[in-house]
Each structure stands twice: as structure tokens, then as C-alpha cells.
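The structure appears below as C-alpha cells.
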Amino acid sequence: MARTRLSLRRLLAAGLTVAATAAAALFATAAPASAATVAGIDVSNWQGSINWTSVRNSGIEFAFIKATEGTSYKDPSFNTNYPNAYYAGVIRGAYHFARPNLSGGAAQADFLANNGGAWSADSRTLPAALDLEANPYSGGYCYGLTTSGMRTWISDFLNRYKARTSRYAVIYTTTSWWNQCTGSWTGPWANHPLWIARWASSPGTLPAGASVWSFWQYTSTGSVSGISGNVDRNYWNGDRTRLIALANNTA
């Protein structure tokens with residue numbers, strides 16, 4: 001994601017893959033990447049001032065916008081980006097950068113829900129995303145947690161977010177990180193949409209147990225009208241009708 005782009009670039013240079021999946025209720029089979037034409041972006045304070053009307057007019061239909069990190073950091077641009085994306089007609093969702101070595105999963109889910117990650121059935125609000133990737137700070141690749149400890153942390157976050165919002169959070173992760181740091185855990189994929197962040201020509205191998213991806217972050221060096229400099233570009237694995245169904249929880 002935006003605050004950890006250098007870390008991700010090092011990972012991808014080492015040949016790591018990423019993956020994401022949707023709930024089985026939404027998708028029966030994986031669609032080819034060529035069929036995923038609903039365009040999106042993800043942004044944070046790193047993108048500076050954004051003209052969301054220009055973004056929407058350029059063909060961008062959805063965006064994940066950084067809201068929080070750990071239990072003390074709120075992205076300073078979130079309160080501007082989140083409503084402005086909505087009013088420009090962009091289907092948007094918040095995302096939380098996980099810091100599993102700093103506090104419990106439930107506490108971080110509460111921080112997200114209290115600071116922009118709540119949900120409403122308004123056709124333009126996606127369930128929030130949990131950003132799980134290599135630790136860009138000190139503390140080790142897997143934040144110093146064992147695989148069982150990481151599974152517990154993730155479960156606590158997902159369960160609390162579901163209790164607070166009634167929605168299953170999206171999970172953003174890489175295949176390599178997930179398989180190493182969770183011990184190839186398959187638990188979440190029956191319900192939680194999975195978001196790939198593989199900067200390549202295809203989504204690649206999915207994490208253990210994942211059968212299909214929902215969102216694919218395919219580049220970190222995209223360009224979009226209304227944003228100065230590089231921006232992460234994404235695809236949704238379906239058409240706009242299905243994206244709105246995910247937003248409204250009506251699938």
C-alpha cells in the first residue's frame with residue numbers, strides 16, 4: 001500500500017506473489033484477468049490533493065482509501081478523500097494498515113470502525129480492507145508473531161470488525177506473506193473477499209485455500225487524471241453491478 005510501497009517493491013523484486021478472493025456467495029469461479037475491466041485505485045496521504053471528479057471522469061469506479069494504522073495513526077487526508085470520492089460517484093472503502101506487534105486485532109478493528117471504517121448500505125461504501133503485508137518497520141517480517149499467533153490476531157480483527165459493522169472485511173495480502181506468516185491458513189476465505197497486490201501481468205498464485213480473487217492491485221506506478229504522480233491501480237473481478245452488490249451486501 002501507499003505508506004509501505006518501498007517494502008512491497010523489495011518483496012515483488014524478490015518474486016513474491018499476491019492474492020485475493022471473494023466470498024463464495026459472490027463468485028462461483030475465478031474470472032480471467034482480461035474480463036476484469038472495472039477500474040479502481042487505492043490512495044493515502046502520499047497522493048496529496050486529489051481531484052475526485054477528474055478521477056471519476058477518467059473511468060475510475062472504485063477506490064480504497066487509507067483510514068488508519070495500528071491504534072494511533074489516522075491518515076491526515078482521509079477526512080477529505082473519503083467524502084469527496086463519494087460525492088464524485090466513486091464507490092469507496094476504507095483500509096487499515098495492520099500493526100500486529102503493537103496491539104491486539106480487536107483493538108485495531110475498533111480503531112478502524114471508530115475512524116472512518118464503518119459501513120452503510122448506500123451503493124457507494126465497500127466493507128473496509130485489512131492490509132496485511134511484510135512489516136516495513138522493526139520487529140520482523142511477520143511482526144514477531146508465530147503462525148498461530150498471527151491467525152489469532154487476524155481472527156480477532158475480523159470478528160470484531162464483523163461485530164461492529166455486520167460486514168466481512170476485505171483482506172489485502174501477498175501469497176508469500178500469507179503462507180509464511182499464517183502457516184498457509186485457509187480459514188478466512190469462505191467469507192472474506194481477497195485482494196491481490198501483484199504487480200505483474202496476471203494475479204498469479206493465490207494463498208492457500210483461496211479459490212478466486214476479488215480485487216487485484218496490478219501496479220504501483222499507474223497514472224490517473226486528478227492525481228499528481230504515481231498511484232496504485234486495481235481491477236475488480238466482476239462487473240459494476242456485482243461491485244455494487246458487494247457494497248450493499250445484497251449478493
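Each chain of the C-alpha cells is named A, B, ... in the order shown, its residues numbered from 1; ligands are numbered from 1 in display order.
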Checklist entry - Please, which residues of stretch 9-196 of chain A, numbered as in this document, come out alpha helix (DSSP H) from DSSP, as a ChimeraX atom specification? => result /A:9-13,52-57,78-87,105-114,147-165,175-181
Next on the checklist: Report as a ChimeraX atom specification all protein, DNA and RNA residues lying within 8 Å of stretch 234-249 of chain A, evaluated on only C-alpha atoms, omitting residues in the same chain fewer than 5 positions from it.
Outcome noted: /A:26,31,33,35-42,91,120-127,167,213-219
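Of the residues under consideration (A:Ser176, A:Asn159, A:Asn45, A:Asn115), A:Asn159 shows the shortest atom-to-atom contact distance to A:His192 when counting only C-alpha atoms.
Shortest atom-to-atom contact with A:Arg92 among A:Ile65, A:Met1, A:Pro76, A:Ser166: A:Ile65, counting only C-alpha atoms.
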Next on the checklist: Report as a PyMOL selection string all protein, DNA and RNA residues lying within 6 Å of stretch 128-141 of chain A, evaluated on only C-alpha atoms, omitting residues in the same chain fewer than 5 positions from it.
Outcome noted: chain A and resi 7+93-98+117+169-173
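With only C-alpha atoms taken into account, the protein and nucleic acid residues at most 12 Å from A:Trp46 (excluding it and anything under 3 positions from it in its own chain) are Met1, Ala2, Arg3, Thr4, Arg5, Asp42, Val43, Ser49, Ile50, Ile65, Lys66, Asp75, Pro76, Ser77, Phe78, Asn81, Ile227, Ser228, Gly229, Asn230, Val231 and Asp232 of chain A.
Excluding A:Thr152 itself and any same-chain residue fewer than 6 positions from it, the protein and nucleic acid residues within 12 Å of it, counting only C-alpha atoms, are Pro100, Gly104, Gly105, Ala106, Leu145, Thr146, Leu158, Asn159, Cys181, Thr182, Trp185, Gly187 and Pro188 of chain A.
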Just the selected residues (N, CA and C atoms), exported as a PDB file, in the first residue's frame, please.
```pdb
ATOM      1  N   PRO A 100       0.378  -5.795  13.847  1.00  0.00           N
ATOM      2  CA  PRO A 100       0.064  -6.852  14.811  1.00  0.00           C
ATOM      3  C   PRO A 100       0.981  -6.918  16.030  1.00  0.00           C
ATOM      4  N   GLY A 104      -3.683  -5.623  19.979  1.00  0.00           N
ATOM      5  CA  GLY A 104      -4.499  -6.735  19.541  1.00  0.00           C
ATOM      6  C   GLY A 104      -5.344  -6.430  18.316  1.00  0.00           C
ATOM      7  N   GLY A 105      -5.766  -7.481  17.654  1.00  0.00           N
ATOM      8  CA  GLY A 105      -6.580  -7.323  16.459  1.00  0.00           C
ATOM      9  C   GLY A 105      -7.908  -6.642  16.734  1.00  0.00           C
ATOM     10  N   ALA A 106      -8.557  -6.975  17.840  1.00  0.00           N
ATOM     11  CA  ALA A 106      -9.845  -6.364  18.157  1.00  0.00           C
ATOM     12  C   ALA A 106      -9.692  -4.869  18.396  1.00  0.00           C
ATOM     13  N   LEU A 145       5.319 -12.464  15.393  1.00  0.00           N
ATOM     14  CA  LEU A 145       4.286 -13.411  15.816  1.00  0.00           C
ATOM     15  C   LEU A 145       4.542 -14.792  15.222  1.00  0.00           C
ATOM     16  N   THR A 146       4.160 -15.818  15.949  1.00  0.00           N
ATOM     17  CA  THR A 146       4.141 -17.171  15.405  1.00  0.00           C
ATOM     18  C   THR A 146       2.974 -17.286  14.439  1.00  0.00           C
ATOM     19  N   LEU A 158     -10.940  -9.588  12.399  1.00  0.00           N
ATOM     20  CA  LEU A 158     -12.075  -9.853  11.517  1.00  0.00           C
ATOM     21  C   LEU A 158     -13.370 -10.016  12.296  1.00  0.00           C
ATOM     22  N   ASN A 159     -13.299 -10.716  13.404  1.00  0.00           N
ATOM     23  CA  ASN A 159     -14.502 -10.935  14.204  1.00  0.00           C
ATOM     24  C   ASN A 159     -15.023  -9.632  14.801  1.00  0.00           C
ATOM     25  N   CYS A 181       3.456 -16.323   7.069  1.00  0.00           N
ATOM     26  CA  CYS A 181       3.157 -15.739   8.380  1.00  0.00           C
ATOM     27  C   CYS A 181       1.924 -16.330   9.046  1.00  0.00           C
ATOM     28  N   THR A 182       1.019 -16.943   8.256  1.00  0.00           N
ATOM     29  CA  THR A 182      -0.144 -17.604   8.860  1.00  0.00           C
ATOM     30  C   THR A 182      -0.032 -19.120   8.796  1.00  0.00           C
ATOM     31  N   TRP A 185      -2.807 -20.692   6.238  1.00  0.00           N
ATOM     32  CA  TRP A 185      -4.140 -20.755   6.844  1.00  0.00           C
ATOM     33  C   TRP A 185      -5.212 -20.546   5.784  1.00  0.00           C
ATOM     34  N   GLY A 187      -8.608 -20.428   6.711  1.00  0.00           N
ATOM     35  CA  GLY A 187      -9.823 -20.091   7.435  1.00  0.00           C
ATOM     36  C   GLY A 187     -10.681 -18.967   6.893  1.00  0.00           C
ATOM     37  N   PRO A 188     -10.115 -17.811   6.520  1.00  0.00           N
ATOM     38  CA  PRO A 188     -10.972 -16.672   6.182  1.00  0.00           C
ATOM     39  C   PRO A 188     -11.656 -16.719   4.829  1.00  0.00           C
TER      40      PRO A 188
END
```
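With only C-alpha atoms taken into account, the protein and nucleic acid residues at most 8 Å from A:Gln108 (excluding it and anything under 4 positions from it in its own chain) are A:Glu69, A:Gly70, A:Thr71, A:Ala98, A:Ser103, A:Gly104, A:Leu112, A:Phe157.
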Residues from the last selection, all heavy atoms, saved as a short mmCIF file (atom, residue, chain, number, x, y, z; two decimals), in the first residue's frame:
```
data_model
loop_
_atom_site.label_atom_id
_atom_site.label_comp_id
_atom_site.auth_asym_id
_atom_site.auth_seq_id
_atom_site.Cartn_x
_atom_site.Cartn_y
_atom_site.Cartn_z
N GLU A 69 -3.93 3.14 10.91
CA GLU A 69 -2.80 2.23 11.08
C GLU A 69 -2.61 2.03 12.58
O GLU A 69 -2.57 3.01 13.34
CB GLU A 69 -1.55 2.84 10.45
CG GLU A 69 -0.30 1.99 10.58
CD GLU A 69 0.87 2.56 9.78
OE1 GLU A 69 0.65 3.07 8.66
OE2 GLU A 69 2.01 2.48 10.28
N GLY A 70 -2.48 0.77 12.99
CA GLY A 70 -2.34 0.50 14.42
C GLY A 70 -3.53 1.01 15.20
O GLY A 70 -4.69 0.84 14.79
N THR A 71 -3.27 1.68 16.34
CA THR A 71 -4.36 2.27 17.12
C THR A 71 -4.11 3.74 17.42
O THR A 71 -4.75 4.32 18.31
CB THR A 71 -4.53 1.53 18.46
OG1 THR A 71 -3.27 1.53 19.16
CG2 THR A 71 -5.01 0.10 18.26
N ALA A 98 -2.32 -2.99 9.10
CA ALA A 98 -2.20 -3.77 10.33
C ALA A 98 -0.82 -3.61 10.97
O ALA A 98 0.20 -3.64 10.27
CB ALA A 98 -2.46 -5.25 10.04
N SER A 103 -0.58 -3.94 19.10
CA SER A 103 -1.81 -4.09 19.89
C SER A 103 -2.65 -5.21 19.27
O SER A 103 -2.37 -5.67 18.16
CB SER A 103 -2.60 -2.78 19.92
OG SER A 103 -2.85 -2.31 18.61
N GLY A 104 -3.68 -5.62 19.98
CA GLY A 104 -4.50 -6.74 19.54
C GLY A 104 -5.34 -6.43 18.32
O GLY A 104 -5.62 -5.27 17.99
N LEU A 112 -10.30 1.30 13.61
CA LEU A 112 -10.75 1.50 12.23
C LEU A 112 -12.23 1.88 12.20
O LEU A 112 -12.62 2.86 11.55
CB LEU A 112 -10.52 0.23 11.42
CG LEU A 112 -11.17 0.17 10.03
CD1 LEU A 112 -10.61 1.25 9.11
CD2 LEU A 112 -10.99 -1.22 9.41
N PHE A 157 -9.30 -9.46 14.75
CA PHE A 157 -9.63 -8.27 13.96
C PHE A 157 -10.91 -8.50 13.15
O PHE A 157 -11.84 -7.69 13.20
CB PHE A 157 -8.48 -7.91 13.03
CG PHE A 157 -8.72 -6.65 12.23
CD1 PHE A 157 -8.14 -5.46 12.63
CD2 PHE A 157 -9.53 -6.65 11.10
CE1 PHE A 157 -8.36 -4.28 11.92
CE2 PHE A 157 -9.77 -5.49 10.39
CZ PHE A 157 -9.18 -4.30 10.80
#
```
Checklist entry - Which is closest to A:Gly149 among A:Tyr87, A:Thr221, A:Gly183, A:Asn57, if we use only C-alpha atoms? => result A:Gly183
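The shortest atom-to-atom distance to A:Ser148, with only C-alpha atoms taken into account, belongs to A:Gln180 out of A:Gln180, A:Thr80, A:Tyr86, A:Ser72.
One distance worth recording is that between atom CA of A:Phe62 and atom CA of A:Thr205, which is 24.2 Å.
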